[in-house]
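Asks: Pasting a structure below so you can have a look.
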Amino acid sequence: MRKSQVLLTGAGVAAVVLLFVFGRTVPKPDKHTVAAAAPMMGGGQPVVSIDFNEVLAKAKQNVSADSLSQITSLENKVVRGDVKAQQILVFHQLATAWDSLHQPSVAAHYLGEAAKLENSEKSLTFAANLFLANLDDEDPSMSAWQAKQAIDLYDKAIAMDTANVSLQIAQASAYMRTGSPMEGVSKLRALADKYPDNVEVQITLGDLAIQSRQFDKAAARMETLLQQHPDNAQALFIAAEAYGGLGNKEKAIQLLERCKKLVNNPALIKEIDDHIAELK
């Protein structure tokens with residue numbers, strides 16, 4: 001399975017890159033997440049999700065006759081398969097076939113189906129992460145479906161490891177894309193109350209505050225975190241974003257300079273330098 005990537009533009013790029021490189025193991029809400037959720041926060045109508053049959057039918061429209069024949073044959077094997085091991089094998093084959101056709105969400109669906117039969121936390125998490133990594137920002141209904149699939153998979157993974165905070169954060173982030181953003185925020189805040197010293201929870205809430213332009217809240221949260229973890233590059237970067245948003249460019253630059261000293265990756269250093277140049 002090819003590794004999926006999230007492509008963003010502007011200052012959000014560095015934040016996402018930093019968060020992934022410095023140890024985050026699950027996707028985080030990108031800069032489109034809050035924008036998509038904003039209408040709901042203002043009392044808009046929930047996004048109506050499509051179902052997998054619609055997703056599959058749309059994907060098949062762009063498939064060659066030869067590939068479609070191969071996929072149909074595999075689908076028939078799933079229906080006929082009465083042995084769990086056989087079904088798992090075919091689901092993986094379908095996932096590989098759809099991945100080769102550049103349809104990661106269809107591939108994620110079949111990986112998820114295999115993971116449910118395998119009862120594997122690792123496989124469930126991988127499929128859920130793949131859904132979130134490929135959210136369709138152009139189609140709210142598709143995005144809502146992807147997020148809901150991720151939530152369901154995370155539910156099953158969390159049931160196997162109830163102490164895994166990263167999985168709970170990822171699931172809360174997924175709720176931000178279903179038309180129920182406040183449920184996601186509520187889950188994140190509950191995690192912050194339960195695990196006040198958890199760096200990942202605080203980082204996620206700080207970044208969410210940045211994306212929703214609540215720069216004062218992000219700054220306050222990161223300042224508290226930096227008192228305990230002064231060399232946390234993620235916290236330094238988000239704090240810099242917060243102060244930049246508040247108009248305190250001098251403070252933002254100071255924080256970015258501190259952040260840069262903790263980075264060994266030349267590409268990340270350049271990203272930070274570019275951001276400093278923008279502030280100047």
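Every chain in the structure tokens has a letter given in the order shown (A, B, ...), and although residue numbers restart at 1 in each chain, ligands are simply numbered from 1 in the order shown.
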Hey, what's within 7 Å of A:Tyr154 if we count only C-alpha atoms and toss same-chain stuff fewer than 5 positions away? As a list of chain:residue names, please?
Replies: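 That gives A:Leu124, A:Thr125, A:Ala128, A:Leu167, A:Gln171.
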Asks: Let me see the file: selected residues, N, CA, C and O atoms, as a PDB file, in the first residue's frame.
Replies:
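Generated file (result29.pdb):
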ATOM      1  N   LEU A 124      -6.885  -1.861  11.913  1.00  0.00           N
ATOM      2  CA  LEU A 124      -8.017  -0.942  12.043  1.00  0.00           C
ATOM      3  C   LEU A 124      -7.534   0.506  12.051  1.00  0.00           C
ATOM      4  O   LEU A 124      -8.109   1.372  11.382  1.00  0.00           O
ATOM      5  N   THR A 125      -6.462   0.755  12.782  1.00  0.00           N
ATOM      6  CA  THR A 125      -5.913   2.104  12.870  1.00  0.00           C
ATOM      7  C   THR A 125      -5.352   2.558  11.534  1.00  0.00           C
ATOM      8  O   THR A 125      -5.540   3.715  11.133  1.00  0.00           O
ATOM      9  N   ALA A 128      -8.234   3.511   9.277  1.00  0.00           N
ATOM     10  CA  ALA A 128      -8.846   4.758   9.743  1.00  0.00           C
ATOM     11  C   ALA A 128      -7.964   5.953   9.392  1.00  0.00           C
ATOM     12  O   ALA A 128      -8.445   6.984   8.903  1.00  0.00           O
ATOM     13  N   LEU A 167      -5.297   7.440  19.652  1.00  0.00           N
ATOM     14  CA  LEU A 167      -6.465   6.975  18.902  1.00  0.00           C
ATOM     15  C   LEU A 167      -7.690   7.829  19.228  1.00  0.00           C
ATOM     16  O   LEU A 167      -8.490   8.155  18.344  1.00  0.00           O
ATOM     17  N   GLN A 171      -9.867  10.123  16.641  1.00  0.00           N
ATOM     18  CA  GLN A 171     -11.313   9.992  16.482  1.00  0.00           C
ATOM     19  C   GLN A 171     -12.014  11.330  16.703  1.00  0.00           C
ATOM     20  O   GLN A 171     -12.941  11.684  15.956  1.00  0.00           O
TER      21      GLN A 171
END
Asks: Hey, could you make a per-residue contact list for stretch 106-176 of chain A against stretch 77-86 of chain A with 10 Å as the cut-off, showing the nearest pair of atoms and its distance in Å to one decimal, counting only C-alpha atoms, sorted by chain and number, as a tab-separated table?
Replies:
residue	atom	partner	partner_atom	distance
A:Ala114	CA	A:Lys84	CA	9.3
A:Leu117	CA	A:Lys84	CA	7.0
A:Glu118	CA	A:Ala85	CA	8.5
Asks: Write out, as a PDB file, in the first residue's frame, the residues just selected, with all heavy atoms.
Replies:
ATOM      1  N   ALA A 114     -11.167  -6.042   6.112  1.00  0.00           N
ATOM      2  CA  ALA A 114     -10.227  -7.108   6.478  1.00  0.00           C
ATOM      3  C   ALA A 114      -9.841  -6.989   7.948  1.00  0.00           C
ATOM      4  O   ALA A 114      -9.781  -7.993   8.672  1.00  0.00           O
ATOM      5  CB  ALA A 114      -8.983  -7.032   5.593  1.00  0.00           C
ATOM      6  N   LEU A 117     -12.356  -8.356  10.389  1.00  0.00           N
ATOM      7  CA  LEU A 117     -12.327  -9.819  10.477  1.00  0.00           C
ATOM      8  C   LEU A 117     -11.085 -10.302  11.220  1.00  0.00           C
ATOM      9  O   LEU A 117     -11.139 -11.270  11.981  1.00  0.00           O
ATOM     10  CB  LEU A 117     -12.364 -10.433   9.073  1.00  0.00           C
ATOM     11  CG  LEU A 117     -13.666 -10.236   8.280  1.00  0.00           C
ATOM     12  CD1 LEU A 117     -13.520 -10.807   6.877  1.00  0.00           C
ATOM     13  CD2 LEU A 117     -14.830 -10.895   8.996  1.00  0.00           C
ATOM     14  N   GLU A 118      -9.967  -9.597  10.996  1.00  0.00           N
ATOM     15  CA  GLU A 118      -8.717  -9.961  11.678  1.00  0.00           C
ATOM     16  C   GLU A 118      -8.757  -9.599  13.153  1.00  0.00           C
ATOM     17  O   GLU A 118      -8.010 -10.150  13.950  1.00  0.00           O
ATOM     18  CB  GLU A 118      -7.546  -9.235  11.021  1.00  0.00           C
ATOM     19  CG  GLU A 118      -7.257  -9.662   9.594  1.00  0.00           C
ATOM     20  CD  GLU A 118      -6.311  -8.700   8.892  1.00  0.00           C
ATOM     21  OE1 GLU A 118      -6.210  -7.536   9.339  1.00  0.00           O
ATOM     22  OE2 GLU A 118      -5.688  -9.108   7.900  1.00  0.00           O
TER      23      GLU A 118
END
Asks: From a DSSP pass on the backbone, collect the residues of stretch 93-238 of chain A flagged as helix (DSSP H, G or I) and hand them back as an MDAnalysis selection string.
Replies: chainID A and resid 93:100 104:118 121:133 140:160 165:175 181:194 199:211 215:228 233:238
Asks: Neighbouring residues of A:Gln254 were defined as those with any atom within 12 Å, considering only C-alpha atoms; residues of the same chain fewer than 6 positions away were excluded. Please report them as a count of residues only.
Replies: 15
